[in-house]
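Have a look at the structure below, then the notes.
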Amino acid sequence: MKIVLVFLCVAPLALSARAEKDSSSFDSAAPPETKSRFAMLDDVRILANGLLQLGHGLKDFVHKTKGQMNDIFQKLYIFDRSFYELSLQTSEIKEEEEQLRQTTARLQIKNEEIKNLSQEMNSKIEDLIQNKIQLQEKVWGLEDKVTKLAIIQPSTQETEEISSLKAFVEQQDNHIKQLLKIVENQHVQLDRQHNQIMELEDKVQEPSLFLFSEFVISHNTGVHGPAIICNCLMFAFLGPAPDCTALFNSSIQSSGVYTIKPNGSEAFDVYCERKFGSSWTVIQNRVDGSLDFNQTWDAYTNGFGDLNEEFWLGLNKTYSITKQGDYILRIELQDWKDNKRYIEYAFSLGGPETDYSLQLSRISGSIPNALPEQTELRFSTADRDVDLINDFNCPENYLGGWWHSECEETNLNGKYVAPRSRGRLDRRKGLYWKPKKGRYYLLKSTKIMIHPTD
């Protein structure tokens with residue numbers, strides 16, 4: 001536009017200069033009148049041609065400017081629409097935050113209600129235990145009296161005392177039945193509250209807080225009925241737990257070595273690791289290669305190593321834990337660049353009669369799977385290879401007991417090899433994770449642990 005204005009200003013000046021020049025020439029030369037008229041006509045034509053070109057230029061400039069303005073308006077429209085959509089999303093986020101805040105408040109109220117119910121239930125159970133102890137003492141005294149009565153004829157006073165003891169026993173029995181009825185009602189209420197909390201937790205996507213260990217222990221047993229609940233609670237207070245998760249629910253909150261006693265098994269020590277708001281039972285740990293994992297069948301069956309450092313818990317102990325119910329197998333891996341990955345399986349572990357056969361089904365993970373799924377994998381060691389493949393002993397050649405499958409290139413119990421060992425043979429004897437399609441993951445540390453699915 002500025003160019004057009006300058007041109008419009010310059011054009012009259014040029015015409016004026018041209019007229020002055022013509023006038024001067026006319027005065028000096030004094031040409032005939034006819035020639036002057038033709039000269040002016042030529043100037044008019046030149047001016048008209050210039051104006052025509054100027055018009056075309058203005059037209060092109062107007063079209064370009066119009067196109068640019070349309071582009072600007074289009075971008076402004078897109079920006080306004082994006083800003084409007086962003087405003088709507090912001091409003092939705094604010095509404096979701098408010099709903100989440102309200103849900104959290106309701107969850108806190110429900111937790112407080114369960115805490116009060118749990119305290120009331122504990123008090124009643126303590127009364128029940130005291131009454132049971134008193135009843136046992138009375139029964140022992142009654143047994144002594146009956147023994148004496150079998151020898152000598154009871155006196156009238158002793159007969160009255162026996163009748164009194166019998167009435168007391170009946171009274172205590174009725175009292176115990178009432179307490180058991182109260183415990184059953186409390187258990188129903190706790191189940192109802194627990195289901196409500198689980199629904200709220202699904203909404204806010206937060207793990208359970210496990211505030212009340214007595215209820216969780218009785219819930220995890222998978223049995224119902226007031227008498228069984230009482231036994232579970234007494235077990236939680238008086239005896240070892242069946243695994244690390246039960247220990248965590250019994251108020252033990254830190255990682256470390258503890259004693260457990262799975263159902264039908266002797267008590268033994270395990271390493272419990274606190275993770276994800278619960279406690280996992282660790283069955284294998286390797287961190288620095290200080291322990292030789294090229295062990296015999298008996299060693300892998302019974303376990304070896306230091307539970308506070310590198311160790312293998314033992315196939316028999318692991319089986320005694322997992323046969324109690326459904327468990328998750330979690331494998332944590334760390335390479336020499338300190339990258340950490342994991343994979344989780346639903347699994348089943350057979351007993352010694354099946355050579356502790358393992359069946360896996362992947363659940364989740366951050367690394368490709370390297371173990372066969374839905375396949376029975378039998379454990380083997382160098383001195384007991386249960387499935388020789390083309391006369392090739394996998395544990396003997398790959399240095400470590402494992403659930404081998406056609407000597408696949410995965411072994412978490414192999415020789416501990418640092419990255420400086422570049423030979424392929426050494427690397428395959430090392431600690432590594434090798435998916436069927438993918439590269440080797442030469443590992444610095446591994447950890448295998450289990451947790452109940454419930």
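Letters A, B, ... go to the chains of the structure tokens in the order shown; residues in each chain start at 1; ligands are counted from 1 in the same order.
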Next on the checklist: Need the shell around Thr375 in chain A: protein/DNA/RNA residues with any atom at most 10 Å away, counting only C-alpha atoms. Skip same-chain ones fewer than 6 positions apart. Format as a list in words?
Outcome noted: Ser357, Leu358, Gln359, Leu360, Ser361 and Ser405 of chain A
Atoms to include: all heavy atoms. Write the selected residues as a PDB file, in the first residue's frame.
ATOM      1  N   SER A 357       7.808 -78.996  38.528  1.00  0.00           N
ATOM      2  CA  SER A 357       7.475 -78.455  37.206  1.00  0.00           C
ATOM      3  C   SER A 357       6.795 -77.093  37.341  1.00  0.00           C
ATOM      4  O   SER A 357       6.006 -76.849  38.257  1.00  0.00           O
ATOM      5  CB  SER A 357       6.565 -79.421  36.455  1.00  0.00           C
ATOM      6  OG  SER A 357       5.357 -79.615  37.167  1.00  0.00           O
ATOM      7  N   LEU A 358       7.107 -76.205  36.405  1.00  0.00           N
ATOM      8  CA  LEU A 358       6.628 -74.821  36.425  1.00  0.00           C
ATOM      9  C   LEU A 358       5.809 -74.541  35.172  1.00  0.00           C
ATOM     10  O   LEU A 358       6.226 -74.880  34.061  1.00  0.00           O
ATOM     11  CB  LEU A 358       7.819 -73.859  36.505  1.00  0.00           C
ATOM     12  CG  LEU A 358       7.511 -72.362  36.499  1.00  0.00           C
ATOM     13  CD1 LEU A 358       6.846 -71.947  37.812  1.00  0.00           C
ATOM     14  CD2 LEU A 358       8.789 -71.559  36.294  1.00  0.00           C
ATOM     15  N   GLN A 359       4.632 -73.903  35.355  1.00  0.00           N
ATOM     16  CA  GLN A 359       3.813 -73.459  34.232  1.00  0.00           C
ATOM     17  C   GLN A 359       3.546 -71.970  34.395  1.00  0.00           C
ATOM     18  O   GLN A 359       3.156 -71.528  35.488  1.00  0.00           O
ATOM     19  CB  GLN A 359       2.498 -74.237  34.155  1.00  0.00           C
ATOM     20  CG  GLN A 359       2.665 -75.675  33.697  1.00  0.00           C
ATOM     21  CD  GLN A 359       1.344 -76.347  33.422  1.00  0.00           C
ATOM     22  OE1 GLN A 359       0.288 -75.848  33.775  1.00  0.00           O
ATOM     23  NE2 GLN A 359       1.388 -77.507  32.780  1.00  0.00           N
ATOM     24  N   LEU A 360       3.748 -71.206  33.319  1.00  0.00           N
ATOM     25  CA  LEU A 360       3.688 -69.742  33.384  1.00  0.00           C
ATOM     26  C   LEU A 360       2.628 -69.197  32.439  1.00  0.00           C
ATOM     27  O   LEU A 360       2.333 -69.788  31.395  1.00  0.00           O
ATOM     28  CB  LEU A 360       5.048 -69.136  33.007  1.00  0.00           C
ATOM     29  CG  LEU A 360       6.239 -69.533  33.886  1.00  0.00           C
ATOM     30  CD1 LEU A 360       7.529 -69.041  33.254  1.00  0.00           C
ATOM     31  CD2 LEU A 360       6.084 -68.956  35.283  1.00  0.00           C
ATOM     32  N   SER A 361       2.096 -68.032  32.829  1.00  0.00           N
ATOM     33  CA  SER A 361       1.197 -67.266  31.955  1.00  0.00           C
ATOM     34  C   SER A 361       1.449 -65.794  32.242  1.00  0.00           C
ATOM     35  O   SER A 361       1.164 -65.304  33.332  1.00  0.00           O
ATOM     36  CB  SER A 361      -0.270 -67.616  32.219  1.00  0.00           C
ATOM     37  OG  SER A 361      -1.126 -66.827  31.407  1.00  0.00           O
ATOM     38  N   SER A 405      14.148 -75.282  28.910  1.00  0.00           N
ATOM     39  CA  SER A 405      13.252 -75.735  27.848  1.00  0.00           C
ATOM     40  C   SER A 405      14.043 -75.708  26.545  1.00  0.00           C
ATOM     41  O   SER A 405      14.289 -74.649  25.965  1.00  0.00           O
ATOM     42  CB  SER A 405      12.028 -74.812  27.737  1.00  0.00           C
ATOM     43  OG  SER A 405      11.269 -75.138  26.599  1.00  0.00           O
TER      44      SER A 405
END
Checklist outcome for this item: Across A:Asn302, A:Gln374, A:Asn413, A:Gln334, the smallest distance to Tyr319 in chain A, with only C-alpha atoms counted, is shown by A:Asn302
Checklist entry - Excluding same-chain residues fewer than 6 positions from Phe268 in chain A, what lies within 8 Å of it counting only C-alpha atoms, as a PyMOL selection string? => result chain A and resi 259-261
Item to check | Best match for closeness to Gln295 in chain A among A:Ala382, A:Val417, A:Cys244, A:Ile176, counting only C-alpha atoms | outcome: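 Of the candidates, the smallest distance to Gln295 in chain A is held by A:Ala382.
CA of Asn411 in chain A is positioned 23.2 Å from CA of Ile321 in chain A.
With only C-alpha atoms as the atoms that count, the residue of A:Met69, A:Cys272, A:Leu128, A:Ile363 with the shortest distance to Gln253 in chain A is A:Cys272.
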Next on the checklist: When DSSP is applied to the backbone of this structure, which of range 244-356 of chain A are assigned alpha helix (DSSP H)? Write them out as a ChimeraX atom specification.
Outcome noted: /A:244-249,297-302,315-322
